[in-house]
Each structure stands twice: as C-alpha cells, then as structure tokens.
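> You'll find final-v6.txt just under this line, and it carries compact mmCIF, N, CA and C atoms.
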```txt
# COMPACT_ATOMS: atom_id res chain seq x y z
N GLN A 275 0.84 -1.19 0.00
CA GLN A 275 0.00 0.00 0.00
C GLN A 275 0.88 1.25 0.00
N VAL A 276 0.53 2.20 -0.81
CA VAL A 276 1.28 3.45 -0.90
C VAL A 276 0.35 4.58 -0.51
N GLN A 277 0.80 5.43 0.39
CA GLN A 277 0.03 6.61 0.76
C GLN A 277 0.74 7.85 0.26
N LEU A 278 -0.04 8.74 -0.32
CA LEU A 278 0.49 9.98 -0.88
C LEU A 278 -0.22 11.16 -0.23
N VAL A 279 0.55 12.13 0.23
CA VAL A 279 -0.03 13.29 0.89
C VAL A 279 0.55 14.56 0.25
N GLU A 280 -0.33 15.33 -0.37
CA GLU A 280 0.08 16.58 -1.00
C GLU A 280 0.01 17.73 -0.01
N SER A 281 0.84 18.73 -0.25
CA SER A 281 0.81 19.95 0.55
C SER A 281 1.36 21.09 -0.29
N GLY A 282 1.14 22.32 0.20
CA GLY A 282 1.71 23.48 -0.46
C GLY A 282 0.75 24.30 -1.29
N GLY A 283 -0.49 23.84 -1.40
CA GLY A 283 -1.46 24.61 -2.15
C GLY A 283 -1.85 25.89 -1.43
N GLY A 284 -2.58 26.74 -2.14
CA GLY A 284 -3.02 27.99 -1.54
C GLY A 284 -3.51 28.96 -2.57
N LEU A 285 -3.65 30.20 -2.14
CA LEU A 285 -4.13 31.29 -2.98
C LEU A 285 -2.94 32.16 -3.37
N VAL A 286 -2.82 32.43 -4.66
CA VAL A 286 -1.71 33.25 -5.16
C VAL A 286 -2.22 34.13 -6.29
N GLN A 287 -1.59 35.26 -6.47
CA GLN A 287 -1.97 36.16 -7.56
C GLN A 287 -1.36 35.67 -8.87
N ALA A 288 -1.99 36.03 -9.94
CA ALA A 288 -1.46 35.69 -11.26
C ALA A 288 -0.02 36.21 -11.39
N GLY A 289 0.82 35.38 -11.97
CA GLY A 289 2.23 35.71 -12.09
C GLY A 289 3.08 35.21 -10.94
N GLY A 290 2.43 34.75 -9.89
CA GLY A 290 3.15 34.27 -8.71
C GLY A 290 3.58 32.82 -8.84
N SER A 291 4.13 32.31 -7.75
CA SER A 291 4.68 30.96 -7.73
C SER A 291 4.19 30.20 -6.50
N LEU A 292 4.14 28.89 -6.65
CA LEU A 292 3.87 27.98 -5.55
C LEU A 292 4.70 26.73 -5.77
N ARG A 293 5.04 26.06 -4.67
CA ARG A 293 5.68 24.76 -4.78
C ARG A 293 4.86 23.74 -4.02
N LEU A 294 4.38 22.76 -4.74
CA LEU A 294 3.65 21.66 -4.13
C LEU A 294 4.60 20.53 -3.79
N SER A 295 4.29 19.85 -2.71
CA SER A 295 5.05 18.67 -2.30
C SER A 295 4.11 17.49 -2.19
N CYS A 296 4.65 16.32 -2.41
CA CYS A 296 3.90 15.09 -2.25
C CYS A 296 4.79 14.09 -1.53
N ALA A 297 4.43 13.77 -0.30
CA ALA A 297 5.20 12.83 0.50
C ALA A 297 4.60 11.44 0.33
N ALA A 298 5.46 10.47 0.06
CA ALA A 298 5.01 9.11 -0.20
C ALA A 298 5.52 8.15 0.85
N SER A 299 4.69 7.20 1.19
CA SER A 299 5.12 6.10 2.05
C SER A 299 5.63 4.97 1.17
N GLY A 300 6.26 4.00 1.77
CA GLY A 300 6.71 2.85 0.99
C GLY A 300 8.21 2.81 0.83
N ARG A 301 8.76 1.62 1.00
CA ARG A 301 10.21 1.46 0.95
C ARG A 301 10.74 1.47 -0.47
N THR A 302 9.86 1.30 -1.44
CA THR A 302 10.31 1.20 -2.82
C THR A 302 9.96 2.45 -3.62
N PHE A 303 9.90 3.59 -2.96
CA PHE A 303 9.54 4.85 -3.63
C PHE A 303 10.40 5.08 -4.87
N ARG A 304 11.66 4.71 -4.78
CA ARG A 304 12.55 5.01 -5.90
C ARG A 304 12.20 4.20 -7.16
N SER A 305 11.34 3.24 -7.04
CA SER A 305 10.92 2.47 -8.22
C SER A 305 9.63 3.01 -8.83
N TYR A 306 9.04 4.03 -8.22
CA TYR A 306 7.77 4.57 -8.73
C TYR A 306 8.04 5.70 -9.71
N ALA A 307 7.30 5.75 -10.78
CA ALA A 307 7.17 6.99 -11.52
C ALA A 307 6.12 7.81 -10.78
N MET A 308 6.31 9.13 -10.75
CA MET A 308 5.38 10.00 -10.03
C MET A 308 4.79 11.02 -10.99
N GLY A 309 3.52 11.23 -10.86
CA GLY A 309 2.84 12.19 -11.73
C GLY A 309 2.05 13.21 -10.94
N TRP A 310 1.80 14.32 -11.60
CA TRP A 310 0.91 15.36 -11.07
C TRP A 310 -0.24 15.55 -12.07
N PHE A 311 -1.44 15.60 -11.53
CA PHE A 311 -2.64 15.85 -12.31
C PHE A 311 -3.40 16.98 -11.63
N ARG A 312 -4.36 17.55 -12.35
CA ARG A 312 -5.20 18.58 -11.75
C ARG A 312 -6.62 18.46 -12.27
N GLN A 313 -7.53 18.97 -11.46
CA GLN A 313 -8.94 18.93 -11.84
C GLN A 313 -9.60 20.23 -11.44
N ALA A 314 -10.07 20.96 -12.44
CA ALA A 314 -10.80 22.19 -12.21
C ALA A 314 -12.30 21.86 -12.10
N PRO A 315 -13.07 22.74 -11.47
CA PRO A 315 -14.51 22.47 -11.33
C PRO A 315 -15.18 22.25 -12.68
N GLY A 316 -15.94 21.18 -12.77
CA GLY A 316 -16.66 20.88 -13.99
C GLY A 316 -15.83 20.29 -15.11
N LYS A 317 -14.57 20.02 -14.82
CA LYS A 317 -13.69 19.46 -15.86
C LYS A 317 -13.11 18.13 -15.42
N GLU A 318 -12.62 17.39 -16.40
CA GLU A 318 -11.99 16.11 -16.09
C GLU A 318 -10.58 16.34 -15.53
N ARG A 319 -10.13 15.34 -14.81
CA ARG A 319 -8.78 15.40 -14.27
C ARG A 319 -7.79 15.29 -15.44
N GLU A 320 -6.81 16.18 -15.47
CA GLU A 320 -5.89 16.22 -16.59
C GLU A 320 -4.45 16.10 -16.13
N PHE A 321 -3.64 15.58 -17.01
CA PHE A 321 -2.22 15.40 -16.77
C PHE A 321 -1.52 16.75 -16.73
N VAL A 322 -0.64 16.92 -15.74
CA VAL A 322 0.18 18.11 -15.64
C VAL A 322 1.63 17.79 -15.98
N GLY A 323 2.16 16.76 -15.33
CA GLY A 323 3.54 16.38 -15.58
C GLY A 323 3.89 15.12 -14.82
N ALA A 324 5.04 14.54 -15.15
CA ALA A 324 5.48 13.33 -14.49
C ALA A 324 7.00 13.26 -14.48
N VAL A 325 7.52 12.48 -13.55
CA VAL A 325 8.96 12.29 -13.44
C VAL A 325 9.24 10.80 -13.31
N SER A 326 10.30 10.37 -13.95
CA SER A 326 10.66 8.95 -13.93
C SER A 326 11.18 8.54 -12.56
N TRP A 327 11.38 7.24 -12.40
CA TRP A 327 11.79 6.70 -11.11
C TRP A 327 13.10 7.32 -10.62
N SER A 328 14.00 7.64 -11.53
CA SER A 328 15.31 8.16 -11.14
C SER A 328 15.34 9.68 -11.07
N GLY A 329 14.31 10.30 -11.62
CA GLY A 329 14.33 11.75 -11.75
C GLY A 329 14.99 12.23 -13.01
N GLY A 330 15.48 11.32 -13.81
CA GLY A 330 16.23 11.70 -14.99
C GLY A 330 15.39 12.08 -16.20
N ARG A 331 14.13 11.77 -16.13
CA ARG A 331 13.27 12.10 -17.27
C ARG A 331 11.97 12.71 -16.76
N THR A 332 11.55 13.77 -17.41
CA THR A 332 10.29 14.41 -17.06
C THR A 332 9.46 14.61 -18.31
N ASP A 333 8.18 14.78 -18.10
CA ASP A 333 7.24 15.01 -19.19
C ASP A 333 6.21 16.01 -18.68
N TYR A 334 5.77 16.91 -19.56
CA TYR A 334 4.84 17.96 -19.14
C TYR A 334 3.73 18.13 -20.16
N ALA A 335 2.58 18.56 -19.67
CA ALA A 335 1.52 18.98 -20.56
C ALA A 335 1.96 20.27 -21.25
N GLU A 336 1.47 20.45 -22.48
CA GLU A 336 1.86 21.65 -23.23
C GLU A 336 1.48 22.93 -22.49
N SER A 337 0.40 22.89 -21.77
CA SER A 337 -0.11 24.09 -21.11
C SER A 337 0.78 24.58 -19.98
N VAL A 338 1.69 23.72 -19.48
CA VAL A 338 2.52 24.13 -18.35
C VAL A 338 4.01 24.11 -18.70
N LYS A 339 4.36 23.68 -19.88
CA LYS A 339 5.77 23.63 -20.26
C LYS A 339 6.41 25.01 -20.15
N GLY A 340 7.61 25.03 -19.56
CA GLY A 340 8.33 26.28 -19.39
C GLY A 340 7.94 27.04 -18.13
N ARG A 341 6.84 26.62 -17.48
CA ARG A 341 6.40 27.29 -16.26
C ARG A 341 6.48 26.38 -15.03
N PHE A 342 6.23 25.10 -15.22
CA PHE A 342 6.21 24.13 -14.12
C PHE A 342 7.42 23.22 -14.22
N THR A 343 7.92 22.82 -13.06
CA THR A 343 9.05 21.90 -13.01
C THR A 343 8.80 20.83 -11.94
N ILE A 344 8.98 19.59 -12.34
CA ILE A 344 8.83 18.47 -11.41
C ILE A 344 10.21 17.96 -11.02
N SER A 345 10.35 17.66 -9.75
CA SER A 345 11.59 17.05 -9.27
C SER A 345 11.23 16.07 -8.15
N ARG A 346 12.21 15.27 -7.78
CA ARG A 346 11.96 14.30 -6.72
C ARG A 346 13.21 14.11 -5.87
N ASP A 347 12.98 13.72 -4.64
CA ASP A 347 14.05 13.42 -3.70
C ASP A 347 13.80 12.01 -3.20
N ASN A 348 14.57 11.06 -3.69
CA ASN A 348 14.34 9.66 -3.35
C ASN A 348 14.83 9.30 -1.95
N VAL A 349 15.52 10.21 -1.30
CA VAL A 349 15.90 10.00 0.10
C VAL A 349 14.74 10.41 1.01
N LYS A 350 14.10 11.52 0.65
CA LYS A 350 12.98 12.02 1.44
C LYS A 350 11.64 11.43 1.00
N ASN A 351 11.65 10.60 -0.03
CA ASN A 351 10.39 10.03 -0.55
C ASN A 351 9.38 11.12 -0.89
N THR A 352 9.85 12.14 -1.57
CA THR A 352 9.00 13.29 -1.87
C THR A 352 9.19 13.73 -3.31
N VAL A 353 8.09 14.12 -3.92
CA VAL A 353 8.12 14.69 -5.25
C VAL A 353 7.57 16.11 -5.16
N TYR A 354 8.10 16.99 -5.99
CA TYR A 354 7.76 18.40 -5.94
C TYR A 354 7.21 18.87 -7.29
N LEU A 355 6.37 19.89 -7.22
CA LEU A 355 5.91 20.56 -8.42
C LEU A 355 6.09 22.06 -8.19
N GLN A 356 7.11 22.60 -8.83
CA GLN A 356 7.37 24.04 -8.77
C GLN A 356 6.56 24.71 -9.87
N MET A 357 5.70 25.63 -9.48
CA MET A 357 4.80 26.29 -10.43
C MET A 357 5.12 27.79 -10.44
N ASN A 358 5.57 28.27 -11.58
CA ASN A 358 5.90 29.67 -11.75
C ASN A 358 4.97 30.30 -12.78
N SER A 359 4.94 31.62 -12.80
CA SER A 359 4.11 32.36 -13.77
C SER A 359 2.69 31.82 -13.79
N LEU A 360 2.12 31.67 -12.64
CA LEU A 360 0.79 31.06 -12.55
C LEU A 360 -0.27 31.94 -13.20
N LYS A 361 -1.26 31.26 -13.77
CA LYS A 361 -2.36 31.92 -14.46
C LYS A 361 -3.68 31.52 -13.79
N PRO A 362 -4.71 32.32 -13.92
CA PRO A 362 -6.01 31.93 -13.35
C PRO A 362 -6.49 30.57 -13.85
N GLU A 363 -6.15 30.22 -15.06
CA GLU A 363 -6.57 28.92 -15.59
C GLU A 363 -5.83 27.74 -14.97
N ASP A 364 -4.83 28.02 -14.15
CA ASP A 364 -4.16 26.95 -13.41
C ASP A 364 -4.91 26.58 -12.13
N THR A 365 -5.96 27.33 -11.82
CA THR A 365 -6.76 27.04 -10.63
C THR A 365 -7.38 25.65 -10.73
N ALA A 366 -7.12 24.83 -9.72
CA ALA A 366 -7.61 23.45 -9.72
C ALA A 366 -7.18 22.79 -8.42
N VAL A 367 -7.72 21.60 -8.21
CA VAL A 367 -7.17 20.71 -7.18
C VAL A 367 -6.07 19.90 -7.85
N TYR A 368 -4.91 19.90 -7.23
CA TYR A 368 -3.75 19.19 -7.77
C TYR A 368 -3.53 17.89 -7.00
N TYR A 369 -3.36 16.82 -7.77
CA TYR A 369 -3.18 15.49 -7.20
C TYR A 369 -1.83 14.91 -7.62
N CYS A 370 -1.17 14.25 -6.69
CA CYS A 370 -0.02 13.47 -7.11
C CYS A 370 -0.43 12.00 -7.18
N ALA A 371 0.30 11.26 -7.98
CA ALA A 371 -0.02 9.86 -8.21
C ALA A 371 1.27 9.07 -8.40
N ALA A 372 1.20 7.79 -8.06
CA ALA A 372 2.35 6.90 -8.17
C ALA A 372 2.05 5.76 -9.12
N ALA A 373 2.97 5.51 -10.02
CA ALA A 373 2.89 4.36 -10.92
C ALA A 373 4.00 3.40 -10.52
N LEU A 374 3.62 2.21 -10.10
CA LEU A 374 4.59 1.27 -9.55
C LEU A 374 5.34 0.52 -10.64
N GLY A 375 6.51 0.04 -10.26
CA GLY A 375 7.27 -0.84 -11.15
C GLY A 375 7.68 -0.17 -12.46
N ARG A 376 8.22 1.03 -12.36
CA ARG A 376 8.51 1.80 -13.58
C ARG A 376 9.99 2.04 -13.78
N ILE A 377 10.82 1.16 -13.28
CA ILE A 377 12.26 1.33 -13.47
C ILE A 377 12.59 1.11 -14.95
N GLY A 378 13.32 2.06 -15.51
CA GLY A 378 13.81 1.91 -16.87
C GLY A 378 12.85 2.27 -17.97
N VAL A 379 11.70 2.82 -17.62
CA VAL A 379 10.73 3.21 -18.65
C VAL A 379 10.32 4.66 -18.42
N PRO A 380 9.85 5.32 -19.46
CA PRO A 380 9.44 6.71 -19.31
C PRO A 380 8.25 6.84 -18.37
N PRO A 381 8.09 7.98 -17.72
CA PRO A 381 6.95 8.14 -16.84
C PRO A 381 5.66 8.25 -17.64
N PRO A 382 4.58 7.66 -17.17
CA PRO A 382 3.33 7.68 -17.94
C PRO A 382 2.59 9.00 -17.82
N SER A 383 1.73 9.27 -18.77
CA SER A 383 0.91 10.48 -18.73
C SER A 383 -0.58 10.17 -18.64
N ALA A 384 -0.95 8.90 -18.75
CA ALA A 384 -2.36 8.53 -18.72
C ALA A 384 -2.79 8.19 -17.30
N ARG A 385 -3.98 8.66 -16.95
CA ARG A 385 -4.49 8.43 -15.60
C ARG A 385 -4.53 6.96 -15.24
N HIS A 386 -4.96 6.11 -16.15
CA HIS A 386 -5.17 4.71 -15.82
C HIS A 386 -3.86 3.97 -15.55
N GLU A 387 -2.75 4.58 -15.86
CA GLU A 387 -1.46 3.93 -15.62
C GLU A 387 -0.95 4.16 -14.21
N TYR A 388 -1.64 4.98 -13.45
CA TYR A 388 -1.22 5.26 -12.08
C TYR A 388 -2.00 4.39 -11.11
N ASP A 389 -1.28 3.92 -10.10
CA ASP A 389 -1.84 2.94 -9.17
C ASP A 389 -2.36 3.56 -7.88
N TYR A 390 -1.76 4.64 -7.43
CA TYR A 390 -2.16 5.25 -6.17
C TYR A 390 -2.25 6.77 -6.35
N TRP A 391 -3.19 7.35 -5.60
CA TRP A 391 -3.46 8.78 -5.69
C TRP A 391 -3.52 9.40 -4.31
N GLY A 392 -3.09 10.66 -4.25
CA GLY A 392 -3.31 11.45 -3.06
C GLY A 392 -4.69 12.06 -3.06
N ARG A 393 -5.00 12.80 -1.99
CA ARG A 393 -6.31 13.41 -1.87
C ARG A 393 -6.38 14.79 -2.50
N GLY A 394 -5.26 15.35 -2.86
CA GLY A 394 -5.25 16.61 -3.56
C GLY A 394 -5.04 17.82 -2.67
N THR A 395 -4.59 18.89 -3.30
CA THR A 395 -4.41 20.18 -2.62
C THR A 395 -4.90 21.27 -3.56
N GLN A 396 -5.65 22.22 -3.00
CA GLN A 396 -6.27 23.27 -3.82
C GLN A 396 -5.26 24.36 -4.15
N VAL A 397 -5.24 24.72 -5.42
CA VAL A 397 -4.46 25.88 -5.89
C VAL A 397 -5.42 26.86 -6.53
N THR A 398 -5.43 28.08 -6.05
CA THR A 398 -6.30 29.11 -6.59
C THR A 398 -5.44 30.30 -7.02
N VAL A 399 -5.58 30.68 -8.28
CA VAL A 399 -4.82 31.79 -8.83
C VAL A 399 -5.79 32.92 -9.14
N SER A 400 -5.61 34.04 -8.49
CA SER A 400 -6.50 35.18 -8.71
C SER A 400 -5.93 36.10 -9.79
N SER A 401 -6.85 36.73 -10.51
CA SER A 401 -6.42 37.62 -11.61
C SER A 401 -6.20 39.03 -11.11
```
Write the structure described by the file as structure tokens, please.


Amino acid sequence: QVQLVESGGGLVQAGGSLRLSCAASGRTFRSYAMGWFRQAPGKEREFVGAVSWSGGRTDYAESVKGRFTISRDNVKNTVYLQMNSLKPEDTAVYYCAAALGRIGVPPPSARHEYDYWGRGTQVTVSS
C-alpha cells in the first residue's frame, strides 16, 4: 500500500509561484514513476507532468511547459511541483499519483497507468 499526501497549495496572484510537495510512504519509492494531475470544477482530471523513477526524465503537458518543473528526492520520498508564472486557468485541485514498477521506462501520462493517488491540494490563482 502506498500513501500519498500533497501539501503546499493555496491562494496566489497571477504571475506568482507555488511549490507543491507530495510525500510518499513505501520502501520502494525510488521504483515509482510519479505524476501530477489537476482537476478544475466541472472538468476532467488532466495530466500536468510526471517524473521517472530516477528523476532523470520528465514530461509535461503543453499548457505548463516552461512554467512548471517536477523534481523528486528519493531520500525524502518526496516529489515536488514548482509552479511559476501562474495563471487563473491553473486554478484546480492538484493530485499526485504513483505508478509502480517503472524502473527503466518513461513516466506515464495517462491516468489509468497510475496505481495510487493522493487526496489533492487546492491551488487558486487570482487575476
């Protein structure tokens, strides 16, 4: 069983920055690919970005490329989402997710490929 707990959400003005964290349980964290997704009211949950098991490969949605950065610390069992130049359209609940057994393969971008999910943290960007 893997437990994921997100933190770092909040209210920020457009153009500002936030850093989300996701703390994971489990002794094999370093074998998980980790992803970030978001869900705005009335919309489906969408892919934001992902990082491979080693941290050596990342993938991002086009809407956040150049503004968001994912990183991970396999000693602290934590993955981060640094969000810069935030826009009102980035307002959503942000979820982290873990895909198990992903050593040596690119991180997935599809929701169904993730095995465990956190409960989410709200990010609100005011104009």

> Let me have the centre and edge lengths in Å, one decimal, of the box along x, y and z around every listed atom of segment 339-355 of chain A with 8 Å of margin on each side, as AutoDock Vina command-line options.


```
--center_x 10.1 --center_y 18.3 --center_z -9.4 --size_x 27.5 --size_y 34.0 --size_z 37.7
```

> Using the chain letters and numbers from this document, which residues of chain A does DSSP assign to strand (DSSP E or B), as a ChimeraX atom specification?

/A:278-281,284-287,292-298,307-313,320-325,332-334,342-347,352-357,366-373,390-391,395-400

> Could you pull out all residues of segment 300-397 of chain A with a DSSP call of helix (DSSP H, G or I) and give them as an MDAnalysis selection string?

chainID A and resid 303:305 362:364 385:387

> What is the distance between atom C of Val349 of chain A and atom CA of Ser281 of chain A, in Å to one decimal?

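Computing it gives 16.9 Å between the two atoms.
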
> Which polymer residues have any atom within 8 Å of an atom of Val338 of chain A, counting all atoms listed in the file, with same-chain residues fewer than 5 positions away left out, as a list in words?

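My reading of the contact set: Val322, Gly323 and Thr343 of chain A.
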
> Taking (5.1, -0.5, -7.7) in the file's coordinates, which residues come within 8 Å, counting only C-alpha atoms, written as a PDB file with N, CA and C atoms, in the frame of the given file?


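Full text of part09.pdb as output:
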```pdb
ATOM      1  N   THR A 302       9.860   1.300  -1.440  1.00  0.00           N
ATOM      2  CA  THR A 302      10.310   1.200  -2.820  1.00  0.00           C
ATOM      3  C   THR A 302       9.960   2.450  -3.620  1.00  0.00           C
ATOM      4  N   SER A 305      11.340   3.240  -7.040  1.00  0.00           N
ATOM      5  CA  SER A 305      10.920   2.470  -8.220  1.00  0.00           C
ATOM      6  C   SER A 305       9.630   3.010  -8.830  1.00  0.00           C
ATOM      7  N   TYR A 306       9.040   4.030  -8.220  1.00  0.00           N
ATOM      8  CA  TYR A 306       7.770   4.570  -8.730  1.00  0.00           C
ATOM      9  C   TYR A 306       8.040   5.700  -9.710  1.00  0.00           C
ATOM     10  N   ALA A 372       1.200   7.790  -8.060  1.00  0.00           N
ATOM     11  CA  ALA A 372       2.350   6.900  -8.170  1.00  0.00           C
ATOM     12  C   ALA A 372       2.050   5.760  -9.120  1.00  0.00           C
ATOM     13  N   ALA A 373       2.970   5.510 -10.020  1.00  0.00           N
ATOM     14  CA  ALA A 373       2.890   4.360 -10.920  1.00  0.00           C
ATOM     15  C   ALA A 373       4.000   3.400 -10.520  1.00  0.00           C
ATOM     16  N   LEU A 374       3.620   2.210 -10.100  1.00  0.00           N
ATOM     17  CA  LEU A 374       4.590   1.270  -9.550  1.00  0.00           C
ATOM     18  C   LEU A 374       5.340   0.520 -10.640  1.00  0.00           C
ATOM     19  N   GLY A 375       6.510   0.040 -10.260  1.00  0.00           N
ATOM     20  CA  GLY A 375       7.270  -0.840 -11.150  1.00  0.00           C
ATOM     21  C   GLY A 375       7.680  -0.170 -12.460  1.00  0.00           C
ATOM     22  N   ARG A 376       8.220   1.030 -12.360  1.00  0.00           N
ATOM     23  CA  ARG A 376       8.510   1.800 -13.580  1.00  0.00           C
ATOM     24  C   ARG A 376       9.990   2.040 -13.780  1.00  0.00           C
ATOM     25  N   ASP A 389      -1.280   3.920 -10.100  1.00  0.00           N
ATOM     26  CA  ASP A 389      -1.840   2.940  -9.170  1.00  0.00           C
ATOM     27  C   ASP A 389      -2.360   3.560  -7.880  1.00  0.00           C
TER      28      ASP A 389
END
```

> Would you kindly return, as a VMD selection string, each protein, DNA or RNA residue with an atom no farther than 7 Å from any atom of Thr352 of chain A, considering all atoms listed in the file and excluding same-chain residues fewer than 5 positions away?

chain A and resid 295 to 298 345 to 347

> Using atom N of Gln277 of chain A and atom CA of Thr332 of chain A as the two end points, give the distance in Å to one decimal.

21.8 Å

> In the coordinate frame of the file, compute which residues have an atom within 7 Å of (-5.4, 14.4, -13.5) when using only C-alpha atoms, and state them as a VMD selection string.

chain A and resid 310 to 313 319 to 321 369 385

> For each of A:Thr398, A:Ala366, A:Pro382, A:Arg393, take the minimum atom-to-atom distance to Ala314 of chain A, counting only C-alpha atoms, then give the residue where this is smallest.

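Looking only at the distances to Ala314 of chain A, the closest residue turns out to be A:Ala366.
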
> Atom C of Val286 of chain A and atom C of Met308 of chain A are how many Å apart?

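Pair atom C of Val286 of chain A / atom C of Met308 of chain A returns 24.6 Å.
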
> Quick one: residues within 6 Å of Gln356 of chain A, all atoms listed in the file, excluding same-chain residues fewer than 4 positions away - as a list in words?

Leu292, Arg293, Leu294, Arg341, Phe342, Thr343, Ile344 and Ser345 of chain A

> Which one of A:Trp327, A:Gln396, A:Ser383, A:Tyr354 sits closest to Leu285 of chain A if you count only N, CA and C atoms?

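When distances to Leu285 of chain A are compared using only N, CA and C atoms, the smallest one comes from A:Gln396.
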
> Find the residue from A:Leu360, A:Ile377, A:Ala384, A:Val397 that sits nearest to Gln287 of chain A; use all atoms listed in the file when measuring.

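Comparing A:Leu360, A:Ile377, A:Ala384, A:Val397 against Gln287 of chain A, the winner is A:Leu360.
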